[in-house]
Every structure is written in structure tokens, then in C-alpha cells.
file protein_28.csv (CSV, N, CA and C atoms)
chain,number,residue,atom,x,y,z
A,1,MET,N,0.8,-1.2,0.0
A,1,MET,CA,0.0,0.0,0.0
A,1,MET,C,0.9,1.2,0.0
A,2,GLU,N,0.6,2.1,-0.9
A,2,GLU,CA,1.4,3.4,-1.0
A,2,GLU,C,1.0,4.4,0.1
A,3,ILE,N,2.0,4.8,0.8
A,3,ILE,CA,1.8,5.9,1.8
A,3,ILE,C,1.9,7.2,1.2
A,4,PHE,N,3.0,7.4,0.5
A,4,PHE,CA,3.2,8.7,-0.3
A,4,PHE,C,4.1,8.5,-1.5
A,5,SER,N,4.0,9.5,-2.4
A,5,SER,CA,4.8,9.5,-3.5
A,5,SER,C,5.0,11.0,-3.8
A,6,LYS,N,6.3,11.5,-3.9
A,6,LYS,CA,6.6,12.9,-4.1
A,6,LYS,C,7.8,13.1,-4.9
A,7,GLU,N,7.6,14.1,-5.9
A,7,GLU,CA,8.7,14.6,-6.6
A,7,GLU,C,9.6,15.4,-5.7
A,8,LEU,N,10.9,15.2,-5.8
A,8,LEU,CA,11.8,15.9,-4.9
A,8,LEU,C,12.1,17.3,-5.3
A,9,LYS,N,12.1,18.1,-4.3
A,9,LYS,CA,12.5,19.6,-4.5
A,9,LYS,C,13.9,19.8,-3.9
A,10,ASP,N,14.4,21.0,-4.0
A,10,ASP,CA,15.8,21.3,-3.6
A,10,ASP,C,16.0,21.0,-2.1
A,11,THR,N,15.1,21.4,-1.3
A,11,THR,CA,15.2,21.1,0.2
A,11,THR,C,15.2,19.6,0.5
A,12,ASP,N,14.4,18.9,-0.3
A,12,ASP,CA,14.3,17.4,-0.1
A,12,ASP,C,15.7,16.7,-0.3
A,13,VAL,N,16.5,17.2,-1.3
A,13,VAL,CA,17.7,16.5,-1.6
A,13,VAL,C,18.9,17.1,-0.8
A,14,ARG,N,18.7,18.3,-0.2
A,14,ARG,CA,19.9,18.9,0.5
A,14,ARG,C,19.7,19.0,2.0
A,15,VAL,N,18.5,18.9,2.5
A,15,VAL,CA,18.3,19.2,4.0
A,15,VAL,C,17.5,18.1,4.6
A,16,ARG,N,16.2,18.0,4.2
A,16,ARG,CA,15.3,17.0,4.8
A,16,ARG,C,14.1,16.9,3.8
A,17,PHE,N,13.4,15.8,4.0
A,17,PHE,CA,12.3,15.5,3.1
A,17,PHE,C,10.9,15.6,3.9
A,18,SER,N,10.1,16.6,3.4
A,18,SER,CA,8.8,16.7,4.0
A,18,SER,C,7.7,16.0,3.2
A,19,PHE,N,6.7,15.5,3.9
A,19,PHE,CA,5.6,14.8,3.1
A,19,PHE,C,4.3,15.2,3.8
A,20,PRO,N,3.2,14.8,3.1
A,20,PRO,CA,1.9,15.2,3.6
A,20,PRO,C,1.5,14.8,5.0
A,21,THR,N,0.8,15.6,5.7
A,21,THR,CA,0.4,15.3,7.1
A,21,THR,C,-0.5,14.1,7.2
A,22,HIS,N,-1.4,13.9,6.2
A,22,HIS,CA,-2.3,12.8,6.3
A,22,HIS,C,-1.6,11.4,6.3
A,23,CYS,N,-0.3,11.4,6.0
A,23,CYS,CA,0.5,10.1,6.0
A,23,CYS,C,0.8,9.7,7.5
A,24,LEU,N,0.7,10.6,8.4
A,24,LEU,CA,1.0,10.3,9.8
A,24,LEU,C,0.1,9.2,10.4
A,25,GLU,N,-1.1,9.0,9.8
A,25,GLU,CA,-1.9,7.9,10.3
A,25,GLU,C,-1.3,6.5,10.1
A,26,HIS,N,-0.3,6.4,9.3
A,26,HIS,CA,0.4,5.1,9.0
A,26,HIS,C,1.6,4.9,9.9
A,27,LEU,N,1.9,5.9,10.8
A,27,LEU,CA,3.1,5.8,11.6
A,27,LEU,C,2.7,5.8,13.1
A,28,ASP,N,3.5,5.0,13.9
A,28,ASP,CA,3.2,5.0,15.3
A,28,ASP,C,4.3,5.7,16.0
A,29,PHE,N,4.0,6.9,16.5
A,29,PHE,CA,5.0,7.7,17.2
A,29,PHE,C,5.0,7.4,18.7
A,30,ALA,N,4.1,6.6,19.2
A,30,ALA,CA,4.1,6.2,20.6
A,30,ALA,C,4.2,7.4,21.6
A,31,GLY,N,3.6,8.5,21.3
A,31,GLY,CA,3.7,9.7,22.2
A,31,GLY,C,4.9,10.5,22.0
A,32,ASN,N,5.8,10.2,21.1
A,32,ASN,CA,7.0,10.9,20.9
A,32,ASN,C,6.8,11.9,19.7
A,33,ASN,N,7.8,12.7,19.4
A,33,ASN,CA,7.7,13.6,18.2
A,33,ASN,C,8.6,13.0,17.1
A,34,PHE,N,9.1,11.8,17.3
A,34,PHE,CA,9.9,11.1,16.2
A,34,PHE,C,9.7,9.6,16.3
A,35,VAL,N,9.9,9.0,15.2
A,35,VAL,CA,9.9,7.5,15.1
A,35,VAL,C,11.0,7.1,14.1
A,36,ASP,N,11.8,6.1,14.4
A,36,ASP,CA,12.8,5.5,13.5
A,36,ASP,C,12.1,4.5,12.6
A,37,LEU,N,12.0,4.8,11.4
A,37,LEU,CA,11.3,3.8,10.4
A,37,LEU,C,12.4,2.8,9.9
A,38,ARG,N,12.0,1.6,10.0
A,38,ARG,CA,12.8,0.5,9.5
A,38,ARG,C,12.3,0.2,8.1
A,39,VAL,N,13.1,0.6,7.1
A,39,VAL,CA,12.6,0.5,5.7
A,39,VAL,C,13.5,-0.3,4.8
A,40,LYS,N,13.0,-1.1,3.9
A,40,LYS,CA,13.7,-1.9,2.9
A,40,LYS,C,13.9,-1.0,1.7
A,41,ASP,N,15.1,-0.9,1.2
A,41,ASP,CA,15.3,-0.1,-0.1
A,41,ASP,C,15.2,-1.1,-1.3
A,42,SER,N,15.4,-0.5,-2.4
A,42,SER,CA,15.3,-1.3,-3.7
A,42,SER,C,16.3,-2.4,-3.8
A,43,ARG,N,17.4,-2.3,-3.1
A,43,ARG,CA,18.4,-3.4,-3.1
A,43,ARG,C,18.1,-4.5,-2.1
A,44,GLY,N,17.1,-4.3,-1.3
A,44,GLY,CA,16.7,-5.3,-0.3
A,44,GLY,C,17.5,-5.1,1.0
A,45,GLU,N,18.1,-3.9,1.2
A,45,GLU,CA,18.9,-3.6,2.4
A,45,GLU,C,18.0,-2.8,3.4
A,46,LEU,N,18.2,-3.1,4.6
A,46,LEU,CA,17.5,-2.4,5.7
A,46,LEU,C,18.1,-1.0,6.0
A,47,ARG,N,17.3,0.0,6.0
A,47,ARG,CA,17.7,1.3,6.4
A,47,ARG,C,16.9,1.8,7.5
A,48,VAL,N,17.5,2.6,8.4
A,48,VAL,CA,16.7,3.3,9.4
A,48,VAL,C,16.7,4.8,9.1
A,49,ILE,N,15.5,5.3,8.9
A,49,ILE,CA,15.3,6.7,8.6
A,49,ILE,C,14.4,7.3,9.6
A,50,ARG,N,14.8,8.4,10.2
A,50,ARG,CA,14.0,9.0,11.3
A,50,ARG,C,13.0,9.9,10.7
A,51,CYS,N,11.8,9.8,11.2
A,51,CYS,CA,10.6,10.7,10.8
A,51,CYS,C,10.3,11.5,12.1
A,52,LEU,N,10.3,12.9,11.9
A,52,LEU,CA,10.0,13.8,12.9
A,52,LEU,C,8.7,14.5,12.6
A,53,LYS,N,7.9,14.8,13.7
A,53,LYS,CA,6.7,15.6,13.6
A,53,LYS,C,7.2,17.0,14.1
A,54,ARG,N,6.9,18.0,13.3
A,54,ARG,CA,7.2,19.4,13.8
A,54,ARG,C,6.3,19.7,15.0
A,55,ASN,N,6.8,20.4,15.9
A,55,ASN,CA,6.0,20.9,17.1
A,55,ASN,C,5.0,22.0,16.7
A,56,GLY,N,3.9,22.1,17.4
A,56,GLY,CA,3.0,23.2,17.2
A,56,GLY,C,1.7,22.7,16.6
A,57,ASP,N,0.9,23.6,16.1
A,57,ASP,CA,-0.4,23.3,15.6
A,57,ASP,C,-0.4,22.5,14.3
A,58,TYR,N,0.8,22.5,13.6
A,58,TYR,CA,0.9,21.9,12.3
A,58,TYR,C,1.9,20.8,12.4
A,59,ASP,N,1.5,19.5,12.4
A,59,ASP,CA,2.4,18.4,12.6
A,59,ASP,C,3.0,17.9,11.3
A,60,LYS,N,3.5,18.8,10.5
A,60,LYS,CA,4.1,18.4,9.2
A,60,LYS,C,5.3,17.5,9.4
A,61,PRO,N,5.2,16.2,8.9
A,61,PRO,CA,6.3,15.3,9.1
A,61,PRO,C,7.4,15.5,8.1
A,62,VAL,N,8.6,15.1,8.6
A,62,VAL,CA,9.8,15.2,7.8
A,62,VAL,C,10.7,14.0,8.0
A,63,LEU,N,11.4,13.5,7.0
A,63,LEU,CA,12.4,12.5,7.2
A,63,LEU,C,13.7,13.2,7.4
A,64,SER,N,14.4,12.8,8.4
A,64,SER,CA,15.7,13.5,8.7
A,64,SER,C,16.9,12.5,8.7
A,65,ARG,N,17.3,12.1,9.9
A,65,ARG,CA,18.5,11.2,10.0
A,65,ARG,C,18.3,10.0,9.1
A,66,GLY,N,19.3,9.7,8.3
A,66,GLY,CA,19.3,8.6,7.4
A,66,GLY,C,18.8,8.9,6.0
A,67,TRP,N,18.0,10.0,5.9
A,67,TRP,CA,17.4,10.4,4.6
A,67,TRP,C,18.5,10.8,3.6
A,68,LEU,N,19.4,11.7,4.0
A,68,LEU,CA,20.4,12.2,3.1
A,68,LEU,C,21.4,11.1,2.6
A,69,LYS,N,21.6,10.1,3.5
A,69,LYS,CA,22.4,9.0,3.0
A,69,LYS,C,21.7,8.2,1.9
A,70,PHE,N,20.4,8.1,2.0
A,70,PHE,CA,19.6,7.4,1.0
A,70,PHE,C,19.7,8.2,-0.3
A,71,VAL,N,19.6,9.6,-0.2
A,71,VAL,CA,19.7,10.5,-1.3
A,71,VAL,C,21.1,10.3,-2.0
A,72,ALA,N,22.1,10.3,-1.2
A,72,ALA,CA,23.5,10.1,-1.8
A,72,ALA,C,23.7,8.7,-2.4
A,73,ASP,N,23.3,7.7,-1.7
A,73,ASP,CA,23.5,6.3,-2.2
A,73,ASP,C,22.8,6.1,-3.5
A,74,TYR,N,21.6,6.7,-3.7
A,74,TYR,CA,20.9,6.6,-5.0
A,74,TYR,C,21.1,7.7,-6.0
A,75,GLY,N,21.9,8.7,-5.6
A,75,GLY,CA,22.2,9.8,-6.5
A,75,GLY,C,21.0,10.6,-6.9
A,76,LEU,N,20.1,10.8,-5.9
A,76,LEU,CA,18.9,11.5,-6.2
A,76,LEU,C,19.1,12.9,-6.4
A,77,ARG,N,18.2,13.5,-7.2
A,77,ARG,CA,18.3,14.9,-7.6
A,77,ARG,C,16.9,15.5,-7.7
A,78,VAL,N,16.8,16.8,-7.8
A,78,VAL,CA,15.6,17.5,-7.9
A,78,VAL,C,14.8,16.9,-9.1
A,79,GLY,N,13.6,16.7,-9.0
A,79,GLY,CA,12.7,16.1,-10.1
A,79,GLY,C,12.6,14.6,-10.0
A,80,ASP,N,13.5,13.9,-9.2
A,80,ASP,CA,13.3,12.5,-9.0
A,80,ASP,C,12.1,12.3,-8.1
A,81,LYS,N,11.7,11.0,-7.8
A,81,LYS,CA,10.6,10.8,-7.0
A,81,LYS,C,10.9,9.8,-5.9
A,82,ALA,N,10.4,10.0,-4.7
A,82,ALA,CA,10.5,9.1,-3.6
A,82,ALA,C,9.1,8.5,-3.3
A,83,VAL,N,9.1,7.2,-3.1
A,83,VAL,CA,7.8,6.5,-2.9
A,83,VAL,C,8.0,5.7,-1.6
A,84,LEU,N,7.1,5.8,-0.6
A,84,LEU,CA,7.1,5.0,0.6
A,84,LEU,C,5.9,4.1,0.6
A,85,LEU,N,6.1,2.8,0.8
A,85,LEU,CA,5.0,1.8,0.7
A,85,LEU,C,5.0,1.1,2.0
A,86,ARG,N,3.8,0.7,2.5
A,86,ARG,CA,3.7,-0.2,3.6
A,86,ARG,C,4.0,-1.6,3.2
A,87,GLU,N,5.0,-2.3,3.7
A,87,GLU,CA,5.3,-3.6,3.3
A,87,GLU,C,6.1,-4.3,4.5
A,88,ASP,N,5.5,-5.2,5.1
A,88,ASP,CA,6.2,-5.9,6.2
A,88,ASP,C,7.1,-7.0,5.6
A,89,ASP,N,8.4,-7.0,6.1
A,89,ASP,CA,9.3,-8.0,5.8
A,89,ASP,C,9.8,-8.6,7.1
A,90,HIS,N,9.3,-9.7,7.6
A,90,HIS,CA,9.6,-10.2,8.9
A,90,HIS,C,11.0,-10.7,8.9
A,91,THR,N,11.6,-11.2,7.8
A,91,THR,CA,13.0,-11.6,7.8
A,91,THR,C,13.9,-10.5,8.0
A,92,LEU,N,13.7,-9.4,7.4
A,92,LEU,CA,14.5,-8.2,7.5
A,92,LEU,C,14.2,-7.3,8.7
A,93,GLY,N,12.9,-7.5,9.2
A,93,GLY,CA,12.5,-6.7,10.3
A,93,GLY,C,12.0,-5.3,9.9
A,94,SER,N,11.6,-5.1,8.6
A,94,SER,CA,11.2,-3.8,8.2
A,94,SER,C,9.7,-3.8,8.1
A,95,GLN,N,9.1,-2.6,8.1
A,95,GLN,CA,7.7,-2.4,8.0
A,95,GLN,C,7.3,-1.6,6.7
A,96,PHE,N,8.3,-1.0,6.1
A,96,PHE,CA,8.1,-0.2,4.9
A,96,PHE,C,9.1,-0.5,3.8
A,97,ARG,N,8.8,-0.1,2.6
A,97,ARG,CA,9.7,-0.2,1.5
A,97,ARG,C,9.8,1.2,0.9
A,98,ILE,N,11.0,1.6,0.6
A,98,ILE,CA,11.2,3.0,0.0
A,98,ILE,C,11.8,2.7,-1.4
A,99,GLU,N,11.3,3.5,-2.4
A,99,GLU,CA,11.8,3.4,-3.8
A,99,GLU,C,12.2,4.8,-4.2
A,100,ALA,N,13.2,4.8,-5.1
A,100,ALA,CA,13.6,6.0,-5.8
A,100,ALA,C,13.3,5.8,-7.2
A,101,GLN,N,12.7,6.9,-7.8
A,101,GLN,CA,12.3,6.8,-9.2
A,101,GLN,C,12.8,8.0,-10.0
A,102,ARG,N,13.1,7.8,-11.3
A,102,ARG,CA,13.6,8.9,-12.1
A,102,ARG,C,12.8,8.9,-13.4
A,103,ARG,N,12.5,10.0,-13.9
A,103,ARG,CA,11.7,10.2,-15.2
A,103,ARG,C,12.6,9.7,-16.3
A,104,ILE,N,12.0,8.8,-17.2
A,104,ILE,CA,12.8,8.3,-18.3
A,104,ILE,C,11.9,8.5,-19.6
A,105,VAL,N,12.5,8.6,-20.7
A,105,VAL,CA,11.8,8.7,-22.0
A,105,VAL,C,12.3,7.5,-22.8
A,106,LEU,N,11.3,6.7,-23.2
A,106,LEU,CA,11.6,5.5,-24.0
A,106,LEU,C,10.6,5.5,-25.2
A,107,LEU,N,11.2,5.4,-26.3
A,107,LEU,CA,10.4,5.5,-27.6
A,107,LEU,C,9.4,6.6,-27.6
A,108,GLY,N,9.9,7.8,-27.1
A,108,GLY,CA,9.1,9.0,-27.1
A,108,GLY,C,8.1,9.1,-26.1
A,109,ARG,N,8.0,8.1,-25.2
A,109,ARG,CA,7.0,8.1,-24.1
A,109,ARG,C,7.7,8.3,-22.8
A,110,GLU,N,7.2,9.2,-22.0
A,110,GLU,CA,7.7,9.5,-20.7
A,110,GLU,C,7.1,8.7,-19.6
A,111,ASP,N,7.9,8.2,-18.7
A,111,ASP,CA,7.4,7.3,-17.6
A,111,ASP,C,8.4,7.4,-16.4
A,112,TRP,N,8.1,6.7,-15.4
A,112,TRP,CA,9.0,6.7,-14.2
A,112,TRP,C,9.7,5.3,-14.2
A,113,GLY,N,11.0,5.3,-13.9
A,113,GLY,CA,11.8,4.1,-13.8
A,113,GLY,C,12.5,4.1,-12.4
A,114,GLU,N,12.6,2.9,-11.9
A,114,GLU,CA,13.2,2.7,-10.6
A,114,GLU,C,14.7,3.0,-10.6
A,115,VAL,N,15.2,3.8,-9.7
A,115,VAL,CA,16.7,4.0,-9.5
A,115,VAL,C,17.2,2.9,-8.5
A,116,THR,N,18.1,2.1,-8.9
A,116,THR,CA,18.6,1.1,-8.1
A,116,THR,C,20.0,1.3,-7.5
A,117,ARG,N,20.7,2.3,-8.0
A,117,ARG,CA,22.0,2.7,-7.5
A,117,ARG,C,22.3,4.1,-8.0
A,118,ALA,N,23.3,4.7,-7.4
A,118,ALA,CA,23.7,6.1,-7.9
A,118,ALA,C,24.3,6.0,-9.3
A,119,THR,N,23.8,7.0,-10.1
A,119,THR,CA,24.3,7.1,-11.5
A,119,THR,C,24.7,8.5,-11.7
A,120,ASN,N,25.6,8.8,-12.6
A,120,ASN,CA,26.1,10.1,-12.9
A,120,ASN,C,25.9,10.5,-14.3
A,121,TYR,N,24.7,10.3,-14.8
A,121,TYR,CA,24.4,10.7,-16.2
A,121,TYR,C,23.3,11.7,-16.3
call {"tool": "encode", "arguments": {"input": "protein_28.csv", "output": "C-alpha cells"}}
result
Amino acid sequence: MEIFSKELKDTDVRVRFSFPTHCLEHLDFAGNNFVDLRVKDSRGELRVIRCLKRNGDYDKPVLSRGWLKFVADYGLRVGDKAVLLREDDHTLGSQFRIEAQRRIVLLGREDWGEVTRATNY
């Protein structure tokens, strides 16, 4: 089940990744203002990415610790897309899967393709 999908902006690839507030219903903060998400990436590796809720009237969630390493490992840039899905992997101990996607043009048709490693083209 897809939790969110977002095209990356400059702040998302340089500082932190914000996503829609309605996605908070899928996360268990257990009374804290952060939760460490155990996510499986496209390579099948376990990553821990921290999700923070901003304090105040507006609980805008952001991915912080661990996010920029994911960006660097996959060579993400502005215009790419991040997708977070609910997917339990009991062997790996993850509850989510994260995908990186990049716009591709094939035979004149534009679509999204999965980024599986950092590329420099």
C-alpha cells in the first residue's frame, strides 16, 4: 500500500524530506515527536530513517536522520521521486519499503523508472 509519492524539491535533496500530514496515520509515534522507520530499499537492504513531527499546531512530518544517506546512495536529484510503501518483511524486520524513481523517456514516451543505484548521467 502506497503511503506517499513525491517529486523531490531542492530542500528534499539537500536538507530534509517533508511529506503530507495525512500520512501520519500510518506511523506509530508512541507519544514521541519522532519515530525511526525500518525501511527496505530497492536493493533489499535495511535502512533506518528518522521521521520527525514538527511541534506546534501543524504536525508536518519530515524524514531527517538517514534520509540524506539514501539520497546520496541513490544519486537522487531535484525532479526524481521518492515512494514510501507499507510492506512488512519479517525476515529483514522492516515495516516499509522505499523506492527512488527517475523520469525516463523510452520510444518517445515519458514514464518513471526505478533507480537502483547512484548514477552520474
call {"tool": "atom_distance", "arguments": {"input": "protein_28.csv", "atom1": "atom N of Arg14 of chain A", "atom2": "atom N of Arg109 of chain A"}}
result
29.0 Å
call {"tool": "closest_atom_pairs", "arguments": {"input": "protein_28.csv", "of": "segment 10-39 of chain A", "to": "segment 69-78 of chain A", "cutoff": "8 Å", "atoms": "all atoms listed in the file", "output": "Markdown table"}}
result
| residue | atom | partner | partner_atom | distance |
| --- | --- | --- | --- | --- |
| A:Asp10 | N | A:Val78 | CA | 5.4 |
| A:Thr11 | N | A:Val78 | CA | 7.7 |
| A:Asp12 | C | A:Val71 | CA | 7.4 |
| A:Val13 | CA | A:Leu76 | C | 6.2 |
| A:Arg14 | N | A:Val71 | CA | 7.9 |
call {"tool": "residues_around", "arguments": {"input": "protein_28.csv", "residues": "segment 17-27 of chain A", "least_positions_apart": "6", "cutoff": "6.5 Å", "atoms": "all atoms listed in the file", "output": "ChimeraX atom specification"}}
result
/A:3,11,59-64
call {"tool": "select_by_dssp", "arguments": {"input": "protein_28.csv", "residues": "segment 36-94 of chain A", "states": "helix (DSSP H, G or I)", "output": "ChimeraX atom specification"}}
result
/A:67-74
call {"tool": "atom_distance", "arguments": {"input": "protein_28.csv", "atom1": "atom CA of Arg38 of chain A", "atom2": "atom C of Leu68 of chain A"}}
result
15.3 Å
call {"tool": "select_by_dssp", "arguments": {"input": "protein_28.csv", "residues": "segment 61-93 of chain A", "states": "strand (DSSP E)", "output": "list in words"}}
result
Pro61, Val62, Leu63, Lys81, Ala82, Val83, Leu84, Leu85, Arg86, Glu87, Asp88 and Asp89 of chain A
call {"tool": "write_last_selection", "arguments": {"input": "protein_28.csv", "atoms": "N, CA and C atoms", "output": "compact mmCIF listing (two decimals), in the coordinates of the input"}}
result
# COMPACT_ATOMS: atom_id res chain seq x y z
N PRO A 61 5.20 16.20 8.90
CA PRO A 61 6.30 15.30 9.10
C PRO A 61 7.40 15.50 8.10
N VAL A 62 8.60 15.10 8.60
CA VAL A 62 9.80 15.20 7.80
C VAL A 62 10.70 14.00 8.00
N LEU A 63 11.40 13.50 7.00
CA LEU A 63 12.40 12.50 7.20
C LEU A 63 13.70 13.20 7.40
N LYS A 81 11.70 11.00 -7.80
CA LYS A 81 10.60 10.80 -7.00
C LYS A 81 10.90 9.80 -5.90
N ALA A 82 10.40 10.00 -4.70
CA ALA A 82 10.50 9.10 -3.60
C ALA A 82 9.10 8.50 -3.30
N VAL A 83 9.10 7.20 -3.10
CA VAL A 83 7.80 6.50 -2.90
C VAL A 83 8.00 5.70 -1.60
N LEU A 84 7.10 5.80 -0.60
CA LEU A 84 7.10 5.00 0.60
C LEU A 84 5.90 4.10 0.60
N LEU A 85 6.10 2.80 0.80
CA LEU A 85 5.00 1.80 0.70
C LEU A 85 5.00 1.10 2.00
N ARG A 86 3.80 0.70 2.50
CA ARG A 86 3.70 -0.20 3.60
C ARG A 86 4.00 -1.60 3.20
N GLU A 87 5.00 -2.30 3.70
CA GLU A 87 5.30 -3.60 3.30
C GLU A 87 6.10 -4.30 4.50
N ASP A 88 5.50 -5.20 5.10
CA ASP A 88 6.20 -5.90 6.20
C ASP A 88 7.10 -7.00 5.60
N ASP A 89 8.40 -7.00 6.10
CA ASP A 89 9.30 -8.00 5.80
C ASP A 89 9.80 -8.60 7.10
call {"tool": "residues_near_point", "arguments": {"input": "protein_28.csv", "point": "(11.3, 1.9, 10.1)", "cutoff": "10 Å", "atoms": "only C-alpha atoms", "output": "number ranges by chain"}}
result
A: 27, 35-40, 46-51, 93-97
call {"tool": "closest_residue", "arguments": {"input": "protein_28.csv", "among": "A:Phe29, A:Tyr58, A:Phe4, A:Trp112", "to": "Gly79 of chain A", "atoms": "only C-alpha atoms"}}
result
A:Trp112
call {"tool": "residues_around", "arguments": {"input": "protein_28.csv", "residues": "Leu84 of chain A", "least_positions_apart": "2", "cutoff": "6 Å", "atoms": "only N, CA and C atoms", "output": "PyMOL selection string"}}
result
chain A and resi 1-5+82+86+97-99
call {"tool": "write_last_selection", "arguments": {"input": "protein_28.csv", "atoms": "N, CA and C atoms", "output": "CSV table (one decimal), in the frame of the given file"}}
result
chain,number,residue,atom,x,y,z
A,1,MET,N,0.8,-1.2,0.0
A,1,MET,CA,0.0,0.0,0.0
A,1,MET,C,0.9,1.2,0.0
A,2,GLU,N,0.6,2.1,-0.9
A,2,GLU,CA,1.4,3.4,-1.0
A,2,GLU,C,1.0,4.4,0.1
A,3,ILE,N,2.0,4.8,0.8
A,3,ILE,CA,1.8,5.9,1.8
A,3,ILE,C,1.9,7.2,1.2
A,4,PHE,N,3.0,7.4,0.5
A,4,PHE,CA,3.2,8.7,-0.3
A,4,PHE,C,4.1,8.5,-1.5
A,5,SER,N,4.0,9.5,-2.4
A,5,SER,CA,4.8,9.5,-3.5
A,5,SER,C,5.0,11.0,-3.8
A,82,ALA,N,10.4,10.0,-4.7
A,82,ALA,CA,10.5,9.1,-3.6
A,82,ALA,C,9.1,8.5,-3.3
A,86,ARG,N,3.8,0.7,2.5
A,86,ARG,CA,3.7,-0.2,3.6
A,86,ARG,C,4.0,-1.6,3.2
A,97,ARG,N,8.8,-0.1,2.6
A,97,ARG,CA,9.7,-0.2,1.5
A,97,ARG,C,9.8,1.2,0.9
A,98,ILE,N,11.0,1.6,0.6
A,98,ILE,CA,11.2,3.0,0.0
A,98,ILE,C,11.8,2.7,-1.4
A,99,GLU,N,11.3,3.5,-2.4
A,99,GLU,CA,11.8,3.4,-3.8
A,99,GLU,C,12.2,4.8,-4.2
call {"tool": "closest_residue", "arguments": {"input": "protein_28.csv", "among": "A:Asp80, A:Glu87, A:Asp57, A:Asp28", "to": "Ala100 of chain A", "atoms": "only C-alpha atoms"}}
result
A:Asp80
call {"tool": "atom_distance", "arguments": {"input": "protein_28.csv", "atom1": "atom CA of Arg102 of chain A", "atom2": "atom CA of Arg43 of chain A"}}
result
16.0 Å
call {"tool": "closest_residue", "arguments": {"input": "protein_28.csv", "among": "A:Ala30, A:Leu52, A:Ile104, A:Val83", "to": "Lys6 of chain A", "atoms": "all atoms listed in the file"}}
result
A:Val83
call {"tool": "decode", "arguments": {"input": "protein_28.csv", "residues": "segment 93-107 of chain A", "atoms": "N, CA and C atoms", "output": "short mmCIF file (atom, residue, chain, number, x, y, z; two decimals), in the first residue's frame"}}
result
data_model
loop_
_atom_site.label_atom_id
_atom_site.label_comp_id
_atom_site.auth_asym_id
_atom_site.auth_seq_id
_atom_site.Cartn_x
_atom_site.Cartn_y
_atom_site.Cartn_z
N GLY A 93 12.93 -7.46 9.15
CA GLY A 93 12.49 -6.67 10.29
C GLY A 93 12.03 -5.28 9.90
N SER A 94 11.63 -5.12 8.64
CA SER A 94 11.17 -3.80 8.17
C SER A 94 9.66 -3.77 8.08
N GLN A 95 9.11 -2.56 8.14
CA GLN A 95 7.67 -2.37 8.01
C GLN A 95 7.31 -1.59 6.75
N PHE A 96 8.32 -1.02 6.10
CA PHE A 96 8.10 -0.17 4.93
C PHE A 96 9.11 -0.50 3.85
N ARG A 97 8.78 -0.08 2.64
CA ARG A 97 9.73 -0.16 1.51
C ARG A 97 9.81 1.23 0.91
N ILE A 98 11.03 1.65 0.58
CA ILE A 98 11.22 2.95 -0.04
C ILE A 98 11.82 2.75 -1.42
N GLU A 99 11.30 3.48 -2.38
CA GLU A 99 11.77 3.40 -3.76
C GLU A 99 12.20 4.78 -4.23
N ALA A 100 13.19 4.79 -5.09
CA ALA A 100 13.63 6.01 -5.77
C ALA A 100 13.29 5.84 -7.24
N GLN A 101 12.69 6.86 -7.84
CA GLN A 101 12.31 6.78 -9.25
C GLN A 101 12.82 8.01 -9.98
N ARG A 102 13.11 7.80 -11.27
CA ARG A 102 13.58 8.89 -12.12
C ARG A 102 12.77 8.87 -13.41
N ARG A 103 12.47 10.05 -13.91
CA ARG A 103 11.73 10.18 -15.17
C ARG A 103 12.62 9.67 -16.32
N ILE A 104 12.03 8.82 -17.16
CA ILE A 104 12.76 8.31 -18.32
C ILE A 104 11.88 8.50 -19.55
N VAL A 105 12.54 8.59 -20.70
CA VAL A 105 11.82 8.68 -21.97
C VAL A 105 12.25 7.49 -22.80
N LEU A 106 11.29 6.68 -23.19
CA LEU A 106 11.56 5.48 -23.97
C LEU A 106 10.62 5.46 -25.16
N LEU A 107 11.20 5.45 -26.34
CA LEU A 107 10.42 5.46 -27.58
C LEU A 107 9.44 6.62 -27.61
#
